[in-house]
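> Structure: run-v1.tsv, TSV, C-alpha atoms.
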```tsv
chain	number	residue	atom	x	y	z
A	1	MET	CA	-35.88	23.73	-48.99
A	2	SER	CA	-39.29	22.49	-47.87
A	3	TYR	CA	-40.83	19.89	-45.60
A	4	GLU	CA	-44.10	17.97	-45.59
A	5	LEU	CA	-46.74	18.79	-42.99
A	6	THR	CA	-49.54	16.29	-42.33
A	7	ILE	CA	-52.59	17.77	-40.61
A	8	GLU	CA	-54.79	15.46	-38.55
A	9	PRO	CA	-57.66	14.67	-38.27
A	10	LEU	CA	-57.95	15.80	-41.91
A	11	GLY	CA	-55.21	13.46	-43.11
A	12	THR	CA	-54.06	16.22	-45.50
A	13	THR	CA	-50.38	16.71	-46.37
A	14	ILE	CA	-49.02	20.06	-47.61
A	15	GLU	CA	-45.62	21.50	-48.49
A	16	VAL	CA	-44.11	24.01	-46.04
A	17	GLU	CA	-41.16	26.24	-46.90
A	18	GLU	CA	-38.22	26.26	-44.51
A	19	ASP	CA	-38.92	29.71	-43.05
A	20	GLN	CA	-42.74	29.52	-43.27
A	21	THR	CA	-44.92	29.13	-40.20
A	22	ILE	CA	-47.33	26.23	-39.90
A	23	LEU	CA	-50.28	28.65	-39.79
A	24	ASP	CA	-49.27	30.55	-42.93
A	25	ALA	CA	-48.68	27.33	-44.89
A	26	ALA	CA	-52.06	25.90	-43.84
A	27	LEU	CA	-54.00	29.06	-44.68
A	28	ARG	CA	-52.34	29.37	-48.06
A	29	ALA	CA	-53.35	25.78	-48.75
A	30	GLY	CA	-56.97	26.63	-47.93
A	31	ILE	CA	-56.91	24.83	-44.56
A	32	TRP	CA	-58.22	26.80	-41.60
A	33	LEU	CA	-56.52	26.38	-38.24
A	34	PRO	CA	-57.84	28.19	-35.12
A	35	HIS	CA	-55.87	31.41	-34.50
A	36	ALA	CA	-56.29	34.96	-33.23
A	37	CYS	CA	-53.35	37.23	-32.36
A	38	CYS	CA	-50.72	35.77	-34.74
A	39	HIS	CA	-48.03	37.05	-32.37
A	40	GLY	CA	-47.47	33.95	-30.23
A	41	LEU	CA	-49.21	35.48	-27.25
A	42	CYS	CA	-52.85	34.35	-27.05
A	43	ALA	CA	-52.52	30.54	-27.38
A	44	THR	CA	-55.56	30.21	-29.65
A	45	CYS	CA	-53.51	28.38	-32.29
A	46	LYS	CA	-52.05	25.75	-29.94
A	47	ILE	CA	-51.62	22.36	-31.66
A	48	ASP	CA	-50.10	18.95	-30.88
A	49	VAL	CA	-46.96	17.81	-32.69
A	50	ILE	CA	-47.48	14.07	-33.15
A	51	ASP	CA	-44.29	13.39	-35.09
A	52	GLY	CA	-41.26	15.39	-36.21
A	53	GLU	CA	-39.37	18.44	-34.97
A	54	VAL	CA	-40.36	22.10	-34.88
A	55	ASP	CA	-38.76	25.40	-33.89
A	56	HIS	CA	-41.19	27.17	-31.52
A	57	GLY	CA	-40.07	30.59	-32.75
A	58	GLU	CA	-41.26	33.61	-30.77
A	59	ALA	CA	-43.99	31.82	-28.79
A	60	SER	CA	-44.19	33.41	-25.36
A	61	SER	CA	-43.49	31.29	-22.32
A	62	PHE	CA	-46.91	32.28	-21.00
A	63	ALA	CA	-48.91	31.15	-24.05
A	64	LEU	CA	-46.75	28.04	-24.50
A	65	MET	CA	-45.36	26.88	-21.17
A	66	ASP	CA	-42.24	24.78	-20.79
A	67	PHE	CA	-44.12	21.65	-19.77
A	68	GLU	CA	-46.37	22.04	-22.85
A	69	ARG	CA	-43.32	22.18	-25.11
A	70	ASP	CA	-42.08	19.00	-23.46
A	71	GLU	CA	-45.48	17.41	-24.12
A	72	GLY	CA	-45.20	18.17	-27.84
A	73	LYS	CA	-47.40	21.24	-28.10
A	74	THR	CA	-46.59	24.33	-30.18
A	75	LEU	CA	-48.21	27.49	-31.55
A	76	ALA	CA	-49.03	27.30	-35.26
A	77	CYS	CA	-48.52	31.05	-35.76
A	78	CYS	CA	-44.86	30.86	-34.65
A	79	ALA	CA	-43.71	27.28	-35.25
A	80	ARG	CA	-41.49	26.41	-38.21
A	81	LEU	CA	-40.68	22.91	-39.37
A	82	GLU	CA	-37.24	21.34	-38.88
A	83	SER	CA	-38.30	18.02	-40.46
A	84	ASP	CA	-41.38	16.41	-41.93
A	85	VAL	CA	-44.05	16.86	-39.25
A	86	THR	CA	-47.47	15.52	-38.33
A	87	ILE	CA	-49.73	17.74	-36.21
A	88	GLU	CA	-53.17	17.36	-34.69
A	89	ALA	CA	-55.42	20.42	-34.51
A	90	ASP	CA	-58.89	21.16	-33.17
A	91	ILE	CA	-60.67	21.89	-36.46
A	92	ASP	CA	-64.41	22.47	-36.25
A	93	GLU	CA	-66.64	21.48	-39.14
A	94	GLU	CA	-68.48	24.56	-40.43
A	95	PRO	CA	-70.94	23.73	-43.24
A	96	ASP	CA	-71.22	27.39	-44.28
A	97	ALA	CA	-67.46	28.03	-44.35
A	98	GLU	CA	-65.69	28.28	-47.68
A	99	SER	CA	-62.13	26.92	-47.96
A	100	ILE	CA	-60.39	29.79	-49.73
A	101	PRO	CA	-56.58	29.67	-50.02
A	102	VAL	CA	-54.78	32.80	-48.83
A	103	LYS	CA	-52.95	34.62	-51.64
A	104	ASP	CA	-51.01	37.84	-52.18
A	105	PHE	CA	-52.82	40.60	-54.09
A	106	PRO	CA	-50.88	43.63	-55.37
A	107	GLY	CA	-52.92	46.67	-56.30
A	108	THR	CA	-53.16	50.47	-56.57
A	109	VAL	CA	-54.85	52.89	-54.19
A	110	SER	CA	-57.76	54.15	-56.30
A	111	ARG	CA	-59.61	56.40	-53.82
A	112	ILE	CA	-59.31	57.73	-50.27
A	113	GLU	CA	-62.45	59.10	-48.59
A	114	GLN	CA	-62.71	60.86	-45.23
A	115	LEU	CA	-65.68	58.97	-43.78
A	116	THR	CA	-65.49	60.60	-40.33
A	117	PRO	CA	-62.94	62.82	-38.56
A	118	THR	CA	-61.08	59.64	-37.47
A	119	ILE	CA	-61.99	57.02	-40.12
A	120	LYS	CA	-60.85	56.89	-43.75
A	121	GLY	CA	-62.17	54.70	-46.51
A	122	ILE	CA	-59.22	53.24	-48.40
A	123	PHE	CA	-60.16	51.85	-51.82
A	124	ILE	CA	-57.66	49.57	-53.58
A	125	GLU	CA	-57.95	48.41	-57.19
A	126	LEU	CA	-56.35	44.96	-57.15
A	127	ASP	CA	-54.53	43.54	-60.16
A	128	GLU	CA	-56.90	40.57	-59.93
A	129	PRO	CA	-60.14	40.10	-57.96
A	130	ILE	CA	-60.06	38.54	-54.50
A	131	HIS	CA	-62.64	35.90	-53.64
A	132	PHE	CA	-63.78	36.08	-50.01
A	133	GLN	CA	-66.72	35.49	-47.71
A	134	ALA	CA	-68.42	38.58	-46.34
A	135	GLY	CA	-66.97	39.20	-42.88
A	136	GLN	CA	-63.40	38.14	-43.68
A	137	TYR	CA	-60.33	40.38	-43.45
A	138	VAL	CA	-57.00	40.98	-45.17
A	139	ASN	CA	-53.49	41.84	-44.06
A	140	LEU	CA	-52.34	45.12	-45.60
A	141	GLU	CA	-48.60	45.32	-46.26
A	142	LEU	CA	-47.20	48.64	-45.01
A	143	PRO	CA	-43.60	49.94	-45.23
A	144	SER	CA	-41.13	47.37	-43.95
A	145	HIS	CA	-40.36	49.24	-40.72
A	146	ILE	CA	-44.07	49.01	-39.82
A	147	GLY	CA	-45.03	45.55	-41.11
A	148	SER	CA	-48.56	44.36	-41.93
A	149	ARG	CA	-51.89	45.25	-40.33
A	150	ALA	CA	-55.24	43.42	-40.41
A	151	PHE	CA	-58.37	45.20	-41.68
A	152	SER	CA	-61.84	43.89	-42.47
A	153	LEU	CA	-63.20	44.12	-45.99
A	154	ALA	CA	-66.09	46.61	-46.00
A	155	ASN	CA	-67.48	45.85	-49.47
A	156	ALA	CA	-69.61	42.90	-50.51
A	157	PRO	CA	-67.91	40.02	-52.34
A	158	GLY	CA	-68.03	39.89	-56.12
A	159	GLN	CA	-67.84	43.66	-56.69
A	160	GLY	CA	-65.00	43.63	-59.24
A	161	ASN	CA	-61.35	44.30	-58.47
A	162	GLU	CA	-61.81	47.21	-56.05
A	163	VAL	CA	-61.91	46.51	-52.30
A	164	GLU	CA	-62.72	48.89	-49.46
A	165	LEU	CA	-61.06	49.12	-46.04
A	166	ASN	CA	-62.41	51.43	-43.30
A	167	ILE	CA	-59.47	52.44	-41.14
A	168	ARG	CA	-59.65	54.41	-37.90
A	169	ILE	CA	-56.53	56.27	-36.84
A	170	VAL	CA	-55.18	54.94	-33.55
A	171	PRO	CA	-53.32	57.60	-31.52
A	172	GLY	CA	-49.67	56.57	-31.48
A	173	GLY	CA	-50.29	53.68	-33.86
A	174	ALA	CA	-47.55	53.55	-36.49
A	175	GLY	CA	-49.64	51.69	-39.05
A	176	THR	CA	-52.84	53.73	-38.97
A	177	THR	CA	-50.89	57.00	-38.68
A	178	TRP	CA	-48.96	56.17	-41.85
A	179	ILE	CA	-52.17	55.25	-43.68
A	180	HIS	CA	-53.94	58.47	-42.62
A	181	GLU	CA	-51.02	60.85	-43.12
A	182	ASP	CA	-48.78	59.37	-45.83
A	183	LEU	CA	-50.73	56.97	-48.08
A	184	LYS	CA	-51.69	58.59	-51.40
A	185	VAL	CA	-54.00	57.81	-54.32
A	186	GLY	CA	-52.06	56.10	-57.10
A	187	GLU	CA	-49.64	54.39	-54.73
A	188	ARG	CA	-48.89	50.71	-55.21
A	189	ILE	CA	-49.71	48.54	-52.22
A	190	SER	CA	-50.18	44.84	-51.52
A	191	LEU	CA	-52.47	42.79	-49.32
A	192	SER	CA	-52.87	39.11	-48.51
A	193	GLY	CA	-56.02	37.19	-47.70
A	194	PRO	CA	-58.73	36.36	-47.13
A	195	TYR	CA	-58.43	35.51	-43.44
A	196	GLY	CA	-60.88	34.76	-40.66
A	197	ARG	CA	-63.93	32.65	-39.77
A	198	PHE	CA	-66.36	35.51	-39.25
A	199	PHE	CA	-69.16	34.79	-41.73
A	200	VAL	CA	-72.93	34.43	-41.80
A	201	ARG	CA	-74.32	30.96	-41.09
A	202	LYS	CA	-76.79	31.26	-43.97
A	203	SER	CA	-77.98	27.65	-43.79
A	204	ALA	CA	-79.51	28.30	-40.35
A	205	GLU	CA	-82.13	30.62	-41.93
A	206	SER	CA	-82.52	32.46	-38.62
A	207	PRO	CA	-83.28	36.16	-38.03
A	208	LEU	CA	-80.00	38.06	-37.88
A	209	ILE	CA	-78.71	40.72	-35.48
A	210	PHE	CA	-75.56	42.68	-36.31
A	211	MET	CA	-74.05	44.77	-33.51
A	212	ALA	CA	-71.16	47.07	-34.37
A	213	GLY	CA	-69.20	49.97	-32.96
A	214	GLY	CA	-66.69	52.35	-34.52
A	215	SER	CA	-64.87	51.06	-37.60
A	216	GLY	CA	-66.11	47.60	-36.57
A	217	LEU	CA	-68.93	48.41	-38.99
A	218	SER	CA	-66.77	47.10	-41.88
A	219	SER	CA	-67.58	43.38	-41.58
A	220	PRO	CA	-71.31	43.80	-40.79
A	221	ARG	CA	-71.66	46.19	-43.75
A	222	SER	CA	-70.08	43.61	-46.06
A	223	MET	CA	-72.33	40.88	-44.67
A	224	ILE	CA	-75.52	42.95	-44.92
A	225	LEU	CA	-74.80	44.13	-48.47
A	226	ASP	CA	-74.09	40.53	-49.44
A	227	LEU	CA	-77.29	39.21	-47.84
A	228	LEU	CA	-79.53	41.89	-49.32
A	229	GLY	CA	-77.85	41.52	-52.70
A	230	GLU	CA	-78.65	37.81	-52.67
A	231	GLY	CA	-82.31	38.48	-51.87
A	232	CYS	CA	-82.21	37.22	-48.26
A	233	SER	CA	-85.73	37.17	-46.83
A	234	GLN	CA	-84.82	36.65	-43.16
A	235	PRO	CA	-85.23	39.64	-40.80
A	236	ILE	CA	-81.93	41.54	-40.53
A	237	THR	CA	-81.27	44.14	-37.82
A	238	LEU	CA	-78.18	46.35	-37.60
A	239	VAL	CA	-77.52	48.09	-34.27
A	240	TYR	CA	-74.60	50.45	-34.83
A	241	GLY	CA	-73.03	52.74	-32.26
A	242	GLN	CA	-70.70	55.72	-32.31
A	243	ARG	CA	-69.99	58.52	-29.86
A	244	THR	CA	-71.34	61.44	-31.89
A	245	ARG	CA	-73.28	62.09	-35.11
A	246	GLU	CA	-70.16	63.17	-37.04
A	247	GLU	CA	-68.62	59.75	-36.36
A	248	LEU	CA	-71.69	57.86	-37.59
A	249	TYR	CA	-70.66	56.88	-41.10
A	250	TYR	CA	-72.71	55.22	-43.86
A	251	HIS	CA	-75.75	56.40	-41.90
A	252	ASP	CA	-77.64	57.59	-45.00
A	253	GLU	CA	-76.81	54.39	-46.86
A	254	PHE	CA	-78.37	52.24	-44.14
A	255	LEU	CA	-81.43	54.49	-43.90
A	256	ALA	CA	-81.90	54.03	-47.66
A	257	LEU	CA	-81.45	50.24	-47.41
A	258	ALA	CA	-84.09	50.12	-44.67
A	259	GLU	CA	-86.46	51.99	-47.00
A	260	GLN	CA	-85.74	49.60	-49.89
A	261	HIS	CA	-85.83	46.31	-47.98
A	262	GLY	CA	-88.76	45.49	-45.71
A	263	ASN	CA	-86.74	42.83	-43.86
A	264	PHE	CA	-83.88	45.21	-42.91
A	265	THR	CA	-84.01	47.39	-39.78
A	266	TYR	CA	-81.36	49.96	-38.87
A	267	VAL	CA	-80.93	51.10	-35.24
A	268	PRO	CA	-78.21	53.77	-34.82
A	269	ALA	CA	-77.08	54.72	-31.30
A	270	LEU	CA	-74.96	57.61	-30.07
A	271	SER	CA	-73.33	57.39	-26.65
A	272	ASP	CA	-71.93	60.93	-26.32
A	273	GLU	CA	-73.99	63.19	-28.58
A	274	PRO	CA	-74.26	66.66	-27.00
A	275	GLU	CA	-77.65	67.60	-25.59
A	276	GLY	CA	-79.64	70.04	-27.66
A	277	THR	CA	-78.71	68.70	-31.09
A	278	ASP	CA	-81.31	67.49	-33.59
A	279	TRP	CA	-80.43	63.81	-33.02
A	280	ALA	CA	-83.72	61.95	-32.58
A	281	GLY	CA	-82.31	58.43	-32.46
A	282	PHE	CA	-81.24	56.30	-29.49
A	283	ARG	CA	-78.85	57.86	-26.99
A	284	GLY	CA	-76.68	55.29	-25.24
A	285	PHE	CA	-74.56	52.25	-25.96
A	286	VAL	CA	-75.05	49.56	-28.59
A	287	HIS	CA	-76.09	46.86	-26.13
A	288	ASP	CA	-78.63	49.17	-24.49
A	289	ALA	CA	-80.09	50.07	-27.89
A	290	ALA	CA	-80.42	46.38	-28.77
A	291	VAL	CA	-82.11	45.55	-25.47
A	292	ALA	CA	-84.59	48.39	-25.96
A	293	HIS	CA	-85.32	47.48	-29.58
A	294	PHE	CA	-85.85	43.76	-28.91
A	295	ASP	CA	-87.45	44.25	-25.50
A	296	ASN	CA	-84.66	42.12	-23.99
A	297	ASP	CA	-85.68	38.97	-25.90
A	298	PHE	CA	-83.19	37.73	-28.48
A	299	ARG	CA	-84.37	34.14	-28.71
A	300	GLY	CA	-84.22	32.49	-32.14
A	301	HIS	CA	-81.64	34.89	-33.59
A	302	LYS	CA	-78.05	34.58	-34.73
A	303	ALA	CA	-75.93	37.52	-33.54
A	304	TYR	CA	-72.75	38.86	-35.16
A	305	LEU	CA	-70.64	41.31	-33.14
A	306	CYS	CA	-67.75	43.45	-34.30
A	307	GLY	CA	-66.15	46.36	-32.48
A	308	PRO	CA	-64.01	47.33	-29.47
A	309	PRO	CA	-63.51	44.55	-26.90
A	310	LEU	CA	-65.48	46.35	-24.18
A	311	MET	CA	-68.43	46.79	-26.56
A	312	ILE	CA	-68.35	43.13	-27.54
A	313	ASP	CA	-68.26	42.01	-23.90
A	314	ALA	CA	-71.21	44.26	-23.04
A	315	CYS	CA	-73.18	42.99	-26.04
A	316	ILE	CA	-72.53	39.35	-25.17
A	317	GLY	CA	-73.76	39.99	-21.64
A	318	ALA	CA	-76.92	41.67	-22.91
A	319	LEU	CA	-77.62	38.93	-25.46
A	320	MET	CA	-77.23	36.17	-22.90
A	321	GLN	CA	-79.48	37.98	-20.42
A	322	GLY	CA	-81.99	38.13	-23.26
A	323	ARG	CA	-81.78	34.33	-23.65
A	324	LEU	CA	-79.43	34.08	-26.62
A	325	PHE	CA	-76.47	31.87	-25.84
A	326	GLU	CA	-72.96	31.01	-26.92
A	327	ASN	CA	-73.74	28.82	-29.93
A	328	ASP	CA	-75.70	31.64	-31.56
A	329	ILE	CA	-73.24	34.50	-30.90
A	330	PHE	CA	-70.30	35.11	-33.25
A	331	THR	CA	-67.54	37.69	-32.90
A	332	GLU	CA	-64.44	38.84	-34.69
A	333	ARG	CA	-61.70	40.21	-32.47
A	334	PHE	CA	-58.55	41.68	-33.95
A	335	ILE	CA	-55.69	41.37	-31.46
A	336	SER	CA	-52.60	43.49	-32.02
A	337	ALA	CA	-49.31	42.66	-30.36
A	338	ALA	CA	-50.07	45.33	-27.73
A	339	ASP	CA	-53.59	44.03	-27.16
A	340	ALA	CA	-52.40	40.46	-26.84
A	341	GLN	CA	-50.14	41.43	-23.94
A	342	GLN	CA	-53.36	41.98	-21.98
A	343	VAL	CA	-54.61	38.41	-22.47
A	344	ARG	CA	-54.83	37.15	-18.91
A	345	SER	CA	-54.73	33.41	-19.40
A	346	PRO	CA	-54.75	30.94	-22.29
A	347	LEU	CA	-57.07	28.77	-20.17
A	348	PHE	CA	-60.06	31.02	-20.89
A	349	LYS	CA	-61.95	30.24	-24.08
A	350	ARG	CA	-62.05	33.11	-26.55
A	351	ILE	CA	-65.44	33.50	-28.24
```
Let me see the file written as structure tokens.


Amino acid sequence: MSYELTIEPLGTTIEVEEDQTILDAALRAGIWLPHACCHGLCATCKIDVIDGEVDHGEASSFALMDFERDEGKTLACCARLESDVTIEADIDEEPDAESIPVKDFPGTVSRIEQLTPTIKGIFIELDEPIHFQAGQYVNLELPSHIGSRAFSLANAPGQGNEVELNIRIVPGGAGTTWIHEDLKVGERISLSGPYGRFFVRKSAESPLIFMAGGSGLSSPRSMILDLLGEGCSQPITLVYGQRTREELYYHDEFLALAEQHGNFTYVPALSDEPEGTDWAGFRGFVHDAAVAHFDNDFRGHKAYLCGPPLMIDACIGALMQGRLFENDIFTERFISAADAQQVRSPLFKRI
């Protein structure tokens, strides 16, 4: 059984299966709705139900308060239709965004590489190629008792059927532990995507700053490879941070790219490299390295940030002190169910 969902202000009507969430149906129809945690906890996907009935599902009473339910609001990531429904959502026009329907992609694990002591490169040969914008992510389907996990695509688009995911093991994390300890080459696995609105605003033709930490390098790497592959002539700077040299992966690749492309600059930073080693690069955090490199003046740039929440917050603060403001700063934050519990209030805007 299915119902019809009309999405305003687009005026678009799509079919929604009985047990399908509003968000999943919209994304699979190529319609982007604002969202973040996908667990009913962060309130990013809050929408207005103009007509019809919905089941609010597992939306928390904090993210969707009782008076909001009475006013006809719901969370797209949890809500399921109980009749034909019309909703109104806050959909921003993004001229550089592609409307790519989410699909399921079965495939086979083709390679597993130990990129650092804590990060593995998982390469999956899909049965058919996935079209995506550099910076987007996929949901990897793990054994049923674990569920799915979101990971950024680390390769550039249009590279055949094989995709690359860079996955850091999270202590106590069921999903990443299974991937690091149990996943084998030759195993069949499935993913869905592409998801996300983290992409380069190419039409702006502005100098670009990428700031990344840890396995947050995945999206910036995809974006940079895509830009350089297209012959981008704008200045591109990557500031990438890790704790120690052994955790700094794809270091040689970026050094080589900087040699090959006069418009690409690579600034690696190590925050906890032992004294006395042969490391001659920046010692400190990503935001400090960026401030030093740009002499605390980021005006005229577009900045793309990906990494741990504390790193992103520090980078935003540094960029704004260097006179780069909200409209020119873009981030991608993955929020797990555990992370989302720490969201303090749905009243604060998430960048």

> CA of Ser2 (chain A) and CA of Asn139 (chain A), how far apart in Å?

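The value is 24.3 Å.
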
> Determine the nearest neighbour of Glu205 (chain A) from the options A:Ile130, A:Cys232, A:Ile146, A:Leu183, counting all atoms listed in the file.

A:Cys232

> Would you pick out the contacts of Leu140 (chain A) at 8 Å or less, using all atoms listed in the file, so that residues sharing its chain but fewer than 6 positions from it are not included, and give the list as number ranges by chain?

A: 148-151, 189-192

> Report, in Å to a single decimal, how far apart CA of Gly30 (chain A) and CA of Pro143 (chain A) are.

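That distance, rounded to one decimal, is 27.0 Å.
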
> From the list A:Gln242, A:Gln136, A:Ser222, A:Ser233, which residue is nearest Thr331 (chain A) when using only C-alpha atoms?

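So, comparing all the options, the nearest one is A:Gln136.
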
> Do you have the CA of Leu217 (chain A)-CA of Ser110 (chain A) distance handy?

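Going from CA of Leu217 (chain A) over to CA of Ser110 (chain A) covers 21.4 Å.
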
> Of the candidates A:Lys184, A:Arg243, A:Arg323, A:Lys302, which one gets nearest to Gly284 (chain A) if we count only C-alpha atoms?

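Checking each candidate against Gly284 (chain A), we get A:Arg243 as the closest.
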
> I want to know what sits within 8 Å of Phe285 (chain A), based on only C-alpha atoms, with residues of the same chain fewer than 5 positions away left out; could you give that as a list in words?

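After dropping sequence-adjacent residues, the list is Gly241, Ala269, Leu270 and Ser271 of chain A.
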
> Dump as a VMD selection string all residues having an atom at most 9 Å from (-63.6, 63.4, -35.0), computed in the file's coordinates with all atoms listed in the file.

chain A and resid 116 to 119 244 246 to 247

> Could you rebuild region 185-210 of chain A with N, CA and C atoms and give it back as an mmCIF file, in the coordinates of the input?


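Output file rebuild.cif is given in full below:
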```cif
data_model
loop_
_atom_site.group_PDB
_atom_site.id
_atom_site.type_symbol
_atom_site.label_atom_id
_atom_site.label_comp_id
_atom_site.auth_asym_id
_atom_site.auth_seq_id
_atom_site.Cartn_x
_atom_site.Cartn_y
_atom_site.Cartn_z
ATOM 1 N N VAL A 185 -53.357 58.404 -53.144
ATOM 2 C CA VAL A 185 -54.000 57.810 -54.320
ATOM 3 C C VAL A 185 -52.951 57.591 -55.400
ATOM 4 N N GLY A 186 -53.022 56.446 -56.061
ATOM 5 C CA GLY A 186 -52.060 56.100 -57.100
ATOM 6 C C GLY A 186 -50.892 55.277 -56.613
ATOM 7 N N GLU A 187 -50.766 55.147 -55.298
ATOM 8 C CA GLU A 187 -49.640 54.390 -54.730
ATOM 9 C C GLU A 187 -49.883 52.886 -54.860
ATOM 10 N N ARG A 188 -48.815 52.164 -55.157
ATOM 11 C CA ARG A 188 -48.890 50.710 -55.210
ATOM 12 C C ARG A 188 -48.827 50.157 -53.791
ATOM 13 N N ILE A 189 -49.649 49.143 -53.536
ATOM 14 C CA ILE A 189 -49.710 48.540 -52.220
ATOM 15 C C ILE A 189 -50.157 47.097 -52.374
ATOM 16 N N SER A 190 -49.849 46.262 -51.409
ATOM 17 C CA SER A 190 -50.180 44.840 -51.520
ATOM 18 C C SER A 190 -50.914 44.380 -50.261
ATOM 19 N N LEU A 191 -51.788 43.407 -50.449
ATOM 20 C CA LEU A 191 -52.470 42.790 -49.320
ATOM 21 C C LEU A 191 -52.505 41.285 -49.515
ATOM 22 N N SER A 192 -52.721 40.560 -48.435
ATOM 23 C CA SER A 192 -52.870 39.110 -48.510
ATOM 24 C C SER A 192 -54.188 38.727 -47.834
ATOM 25 N N GLY A 193 -54.763 37.630 -48.282
ATOM 26 C CA GLY A 193 -56.020 37.190 -47.700
ATOM 27 C C GLY A 193 -56.733 36.220 -48.622
ATOM 28 N N PRO A 194 -57.977 35.872 -48.293
ATOM 29 C CA PRO A 194 -58.730 36.360 -47.130
ATOM 30 C C PRO A 194 -58.437 35.530 -45.891
ATOM 31 N N TYR A 195 -58.629 36.164 -44.717
ATOM 32 C CA TYR A 195 -58.430 35.510 -43.440
ATOM 33 C C TYR A 195 -59.727 35.568 -42.623
ATOM 34 N N GLY A 196 -59.825 34.673 -41.641
ATOM 35 C CA GLY A 196 -60.880 34.760 -40.660
ATOM 36 C C GLY A 196 -62.026 33.782 -40.858
ATOM 37 N N ARG A 197 -62.762 33.531 -39.766
ATOM 38 C CA ARG A 197 -63.930 32.650 -39.770
ATOM 39 C C ARG A 197 -65.162 33.408 -39.292
ATOM 40 N N PHE A 198 -65.203 34.681 -39.608
ATOM 41 C CA PHE A 198 -66.360 35.510 -39.250
ATOM 42 C C PHE A 198 -67.228 35.615 -40.495
ATOM 43 N N PHE A 199 -68.303 34.834 -40.546
ATOM 44 C CA PHE A 199 -69.160 34.790 -41.730
ATOM 45 C C PHE A 199 -70.568 34.425 -41.289
ATOM 46 N N VAL A 200 -71.533 34.705 -42.132
ATOM 47 C CA VAL A 200 -72.930 34.430 -41.800
ATOM 48 C C VAL A 200 -73.236 32.951 -41.989
ATOM 49 N N ARG A 201 -73.862 32.350 -40.979
ATOM 50 C CA ARG A 201 -74.320 30.960 -41.090
ATOM 51 C C ARG A 201 -75.666 30.967 -41.834
ATOM 52 N N LYS A 202 -75.591 31.075 -43.145
ATOM 53 C CA LYS A 202 -76.790 31.260 -43.970
ATOM 54 C C LYS A 202 -77.717 30.052 -43.923
ATOM 55 N N SER A 203 -77.154 28.858 -43.763
ATOM 56 C CA SER A 203 -77.980 27.650 -43.790
ATOM 57 C C SER A 203 -78.935 27.585 -42.601
ATOM 58 N N ALA A 204 -78.649 28.335 -41.535
ATOM 59 C CA ALA A 204 -79.510 28.300 -40.350
ATOM 60 C C ALA A 204 -80.861 28.971 -40.619
ATOM 61 N N GLU A 205 -80.892 29.916 -41.574
ATOM 62 C CA GLU A 205 -82.130 30.620 -41.930
ATOM 63 C C GLU A 205 -82.815 31.237 -40.714
ATOM 64 N N SER A 206 -82.001 31.815 -39.827
ATOM 65 C CA SER A 206 -82.520 32.460 -38.620
ATOM 66 C C SER A 206 -82.539 33.972 -38.805
ATOM 67 N N PRO A 207 -83.377 34.696 -38.057
ATOM 68 C CA PRO A 207 -83.280 36.160 -38.030
ATOM 69 C C PRO A 207 -81.893 36.570 -37.561
ATOM 70 N N LEU A 208 -81.385 37.667 -38.102
ATOM 71 C CA LEU A 208 -80.000 38.060 -37.880
ATOM 72 C C LEU A 208 -79.910 39.401 -37.165
ATOM 73 N N ILE A 209 -79.013 39.465 -36.169
ATOM 74 C CA ILE A 209 -78.710 40.720 -35.480
ATOM 75 C C ILE A 209 -77.229 41.022 -35.705
ATOM 76 N N PHE A 210 -76.942 42.219 -36.199
ATOM 77 C CA PHE A 210 -75.560 42.680 -36.310
ATOM 78 C C PHE A 210 -75.386 43.830 -35.322
#
```
